[in-house]
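Engineer: Below: one structure in structure tokens.
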Amino acid sequence: MVDALKPDAAAAARFRAVMLPHLDAVYGFARWLTRDPVQAQDVAQEAMLRALRYFHAFRGEEARPWLLRIVRNTWSDLRARKGANDQSLDVVEDRAAEGPDPEESALAGDRRRHVAAALAALPAESREILVLREIEDLSYKHIASVLDLPVGTVMSRLARAREKLAVELRGRLGRRDHGLPDV
Amino acid sequence: MDCPTCEAMVDAYIDGELSATESSAFETALTGCPDCRRRLEEARAMSGLLRELPADPAPDLLRARIERDLRAIAARPRERMRWMAMAASLIVALSIGWVGGSITGRGGPGEEAFVSTYLRVAASDHPVDVASTDRHTVKPWFAGRIDYSPPVHDLTSEGFPLEGGRLDVVGGRKVSVLVYRHNQHRVALSLWPTAASGNTAPKVVERDGFTLAEWRHDGFEMHAVSDIAPNEMAAFAAALDRATGADR
């Protein structure tokens with residue numbers, strides 16, 4: 001627990017300015033990884049603490065991918081510790097039902113719920129890469145650094161993940177409103 | 001451009017990963033390739049669906065927890081940091097020289113060992129292995145994990161609610177550690193049975209910003225570490241002794 005380099009007050013202040021603005025992204029990614037709002041908070045908090053501990057090694061690269069990489073590692077460590085039990089999906093099934101806009105049509109809300117459920121149902125390897133690309137909007141290069149993979153592997157994994165999601169979506173959405181052409 | 005090439009570029013195209021030259025080559029090829037156009041449409045549609053998913057912002061509670069961590073760090077003086085690093089090397093040295101030794105004998109673990117125990121409690125987001133204010137949960141948890149049964153008491157009425165328990169290795173031996181809370185602070189109490197008889201009064205000392213207490217009560221060696229004030233530590237020790245005394 002005791003590291004050679006301990007953050008001090010100045011480091012905490014810099015950390016607050018540089019890293020804290022990305023807390024929503026940290027939590028959002030943790031939310032998709034864990035698929036559970038409570039676990040997501042634990043992962044996010046632990047990840048932020050680790051980030052603070054390693055902050056001396058931060059060299060001014062882009063903060064968000066740097067943090068998301070720590071989130072991802074924190075999550076896999078916790079999962080390994082707990083024996084890799086994947087969360088039940090009930091929580092997520094309901095999740096996108098409440099859109100931020102109360103005026104929203106029921107149809108759009110419904111579609112979102114199905115899309116969220118389809119994404120949540122994917123294996124972690126597909127889920128994480130899709131979230132990083134489509135929700136966090138990271139470039140291949142940044143995804144590669146978060147997942148610690150070569151860019152070529154990012155591309156092939158992303159393509160596979162998209163295929164899997166398409167299958168899931170076709171199973172969940174009717175042909176009417178998903179906008180996906182049939183194959 | 002042949003179709004397999006064009007197909008392979010669909011993802012990179014919508015992900016904005018193609019150079020300007022590659023993009024225009026791809027767009028040209030697309031006009032002659034209905035299959036790839038369809039693929040592109042599909043990929044775009046799916047990307048659009050994912051991007052319209054609502055994002056939950058970080059909950060206020062999480063933000064508050066992180067702010068608390070940051071404030072705690074900002075409040076710690078630098079000196080102590082250096083000391084903590086030193087304590088880390090000391091504990092390594094102690095463990096090496098002391099494996100298999102009896103911690104009840106002379107040359108027991110020094111204060112550093114207990115401070116390290118405290119730091120493992122205070123600096124961790126996983127301060128206890130069994131989290132409960134109920135002694136009837138915490139006490140049995142130790143059974144089978146260590147070779148003795150420590151007295152466990154909740155001291156909520158005295159201002160020191162029991163938070164739970166954990167195991168630690170002190171001087172090469174597994175010991176029980178009880179974690180108590182006092183306002184925003186934690187107290188880590190390491191305890192193990194001793195052959196020595198008689199009780200001793202708690203000896204409270206301050207070391208590098210930490211408050212340590214050691215005493216013997218009812219056949220147990222007690223070592224408490226916290227960042228509370230010495231008089232609070234004395235109150236903690238007294239409350240614990242009263243609770244143990246009331247047991248009999």
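Going by the structure tokens order, chains are called A, B, ..., each with residues numbered from 1, while ligands are numbered from 1 in the order shown.
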When DSSP is applied to the backbone of this structure, which of segment 114-152 of chain B are assigned strand (DSSP E or B)? Write them out as a list in words.
Structural biologist: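 Filtering segment 114-152 of chain B down to strand (DSSP E or B) leaves Val130, Ala131, Ala143 and Ile146 of chain B.
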Engineer: Filtering to N, CA and C atoms, could you give me those residues as a compact mmCIF listing (two decimals), in the first residue's frame?
Structural biologist:
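Output file part_34.txt follows:
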```txt
# COMPACT_ATOMS: atom_id res chain seq x y z
N VAL B 130 -14.04 -8.12 6.59
CA VAL B 130 -15.43 -8.37 6.98
C VAL B 130 -15.96 -7.05 7.52
N ALA B 131 -16.99 -6.53 6.87
CA ALA B 131 -17.51 -5.23 7.24
C ALA B 131 -18.80 -5.42 8.02
N ALA B 143 -12.69 -17.05 13.04
CA ALA B 143 -12.53 -18.48 13.34
C ALA B 143 -12.03 -19.21 12.10
N ILE B 146 -7.46 -17.41 11.89
CA ILE B 146 -6.31 -17.29 12.78
C ILE B 146 -6.50 -18.26 13.92
```
Engineer: Would you mind listing what lies within 10 Å of Val18 of chain A as a ChimeraX atom specification, with only C-alpha atoms counted and same-chain residues fewer than 6 positions away left out?
Structural biologist: /A:12,60,62-64
Engineer: Counting only C-alpha atoms, which of B:Ala213, B:Ala75, B:Ile14, B:Ala29 gets nearest to chain A?
Structural biologist: B:Ala75
Engineer: Name the residues in contact with segment 127-141 of chain A at a cut-off of 8 Å, using only C-alpha atoms, excluding same-chain residues fewer than 6 positions from it; report them as a VMD selection string.
Structural biologist: (chain A and resid 25 29 32 to 33 65 119 to 120 151 154 to 155 157 to 158 161 to 162) or (chain B and resid 15 17 47 50 to 51)
Engineer: Between A:Arg172, A:Arg16, A:Lys164, A:Arg81, which is the closest to chain B once you count only C-alpha atoms?
Structural biologist: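 Checking each of A:Arg172, A:Arg16, A:Lys164, A:Arg81 against chain B, counting only C-alpha atoms, the winner is A:Arg16.
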Engineer: Write out as a list of chain:residue names each polymer residue whose atoms come within 7 Å of Phe220 of chain B, counting only C-alpha atoms; drop sequence neighbours fewer than 3 positions from it.
Structural biologist: B:Leu191, B:Trp192, B:Pro193, B:Thr194, B:Arg216, B:His217
Engineer: Could you write out the selected residues, including C-alpha atoms, as an mmCIF file, in the first residue's frame?
Structural biologist:
```cif
data_model
loop_
_atom_site.group_PDB
_atom_site.id
_atom_site.type_symbol
_atom_site.label_atom_id
_atom_site.label_comp_id
_atom_site.auth_asym_id
_atom_site.auth_seq_id
_atom_site.Cartn_x
_atom_site.Cartn_y
_atom_site.Cartn_z
ATOM 1 C CA LEU B 191 -4.489 -7.723 18.970
ATOM 2 C CA TRP B 192 -3.290 -11.178 19.884
ATOM 3 C CA PRO B 193 -3.156 -13.324 23.019
ATOM 4 C CA THR B 194 -0.212 -13.106 25.348
ATOM 5 C CA ARG B 216 -2.192 -5.401 27.739
ATOM 6 C CA HIS B 217 -5.681 -6.273 28.809
#
```
Engineer: Using only C-alpha atoms, determine which residues lie at most 9 Å from Leu189 of chain B, disregarding the query and same-chain residues fewer than 4 positions distant; provide the list as a PDB file with C-alpha atoms, in the first residue's frame.
Structural biologist:
```
ATOM      1  CA  PHE B 114       1.524  -1.159  13.394  1.00  0.00           C
ATOM      2  CA  THR B 117      -1.142  -1.974   9.425  1.00  0.00           C
ATOM      3  CA  TYR B 118      -2.978   1.273   9.969  1.00  0.00           C
ATOM      4  CA  SER B 176      -6.506 -10.029  13.806  1.00  0.00           C
ATOM      5  CA  VAL B 177      -7.084  -6.351  13.192  1.00  0.00           C
ATOM      6  CA  LEU B 178     -10.283  -4.624  14.252  1.00  0.00           C
ATOM      7  CA  VAL B 179     -11.173  -1.401  12.555  1.00  0.00           C
ATOM      8  CA  TYR B 180     -13.088   1.299  14.373  1.00  0.00           C
ATOM      9  CA  MET B 222      -3.310  -4.446  22.110  1.00  0.00           C
ATOM     10  CA  HIS B 223      -1.747  -2.133  19.555  1.00  0.00           C
ATOM     11  CA  ALA B 224      -3.866   0.693  18.229  1.00  0.00           C
ATOM     12  CA  VAL B 225      -2.860   3.231  15.599  1.00  0.00           C
ATOM     13  CA  SER B 226      -4.822   6.158  14.236  1.00  0.00           C
TER      14      SER B 226
END
```
Engineer: With distances taken over only C-alpha atoms, which residue among A:Ile70, A:Leu173, A:Ala80, A:Pro123 lies nearest Val146 of chain A?
Structural biologist: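 The answer is A:Ile70, which sits nearest to Val146 of chain A.
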Engineer: If we count only C-alpha atoms and set the cut-off at 12 Å, which residues sit around Asp247 of chain B, ignoring sequence neighbours fewer than 4 positions away in its own chain? Please answer as a PDB file with N, CA and C atoms, in the first residue's frame.
Structural biologist:
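What follows is the written file out29.pdb:
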```
ATOM      1  N   PRO B 151     -11.301 -10.766  21.311  1.00  0.00           N
ATOM      2  CA  PRO B 151     -12.534 -10.152  21.822  1.00  0.00           C
ATOM      3  C   PRO B 151     -12.970  -9.039  20.867  1.00  0.00           C
ATOM      4  N   VAL B 152     -14.249  -9.043  20.511  1.00  0.00           N
ATOM      5  CA  VAL B 152     -14.746  -8.031  19.572  1.00  0.00           C
ATOM      6  C   VAL B 152     -15.900  -7.282  20.226  1.00  0.00           C
ATOM      7  N   HIS B 153     -15.831  -5.973  20.216  1.00  0.00           N
ATOM      8  CA  HIS B 153     -16.910  -5.162  20.791  1.00  0.00           C
ATOM      9  C   HIS B 153     -17.183  -3.975  19.896  1.00  0.00           C
ATOM     10  N   ASP B 218      -6.561  -8.286  29.796  1.00  0.00           N
ATOM     11  CA  ASP B 218      -7.306  -9.527  29.759  1.00  0.00           C
ATOM     12  C   ASP B 218      -6.642 -10.587  28.885  1.00  0.00           C
ATOM     13  N   LEU B 240     -12.572   0.457  25.292  1.00  0.00           N
ATOM     14  CA  LEU B 240     -12.368  -0.939  24.928  1.00  0.00           C
ATOM     15  C   LEU B 240     -12.194  -1.798  26.172  1.00  0.00           C
ATOM     16  N   ASP B 241     -11.402  -1.302  27.120  1.00  0.00           N
ATOM     17  CA  ASP B 241     -11.179  -2.062  28.353  1.00  0.00           C
ATOM     18  C   ASP B 241     -12.476  -2.224  29.142  1.00  0.00           C
ATOM     19  N   ARG B 242     -13.271  -1.154  29.158  1.00  0.00           N
ATOM     20  CA  ARG B 242     -14.560  -1.254  29.859  1.00  0.00           C
ATOM     21  C   ARG B 242     -15.434  -2.313  29.221  1.00  0.00           C
ATOM     22  N   ALA B 243     -15.463  -2.310  27.885  1.00  0.00           N
ATOM     23  CA  ALA B 243     -16.321  -3.275  27.171  1.00  0.00           C
ATOM     24  C   ALA B 243     -15.857  -4.696  27.436  1.00  0.00           C
TER      25      ALA B 243
END
```
Engineer: Could you state the separation of atom CA of Leu40 of chain B and atom CA of Gly28 of chain A in Å, given to one decimal place?
Structural biologist: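 Atom CA of Leu40 of chain B sits 27.6 Å away from atom CA of Gly28 of chain A.
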Engineer: Can you list, as a PyMOL selection string, every protein, DNA or RNA residue that comes within 10 Å of Val43 of chain A when you count only C-alpha atoms, leaving out same-chain residues fewer than 3 positions away?
Structural biologist: chain A and resi 26-27+29-31+33-34+37-40+46-49+70-78
Engineer: Using only C-alpha atoms, which of the listed residues (A:Ala57, A:Met19, A:Ala159, A:Leu67) sits closest to chain B?
Structural biologist: A:Ala159
Engineer: Could you tell me which of B:Glu41, B:Asp154, B:Glu52, B:Glu163 comes closest to Arg135 of chain B if we count only C-alpha atoms?
Structural biologist: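 Selected residue with least distance to Arg135 of chain B: B:Asp154.
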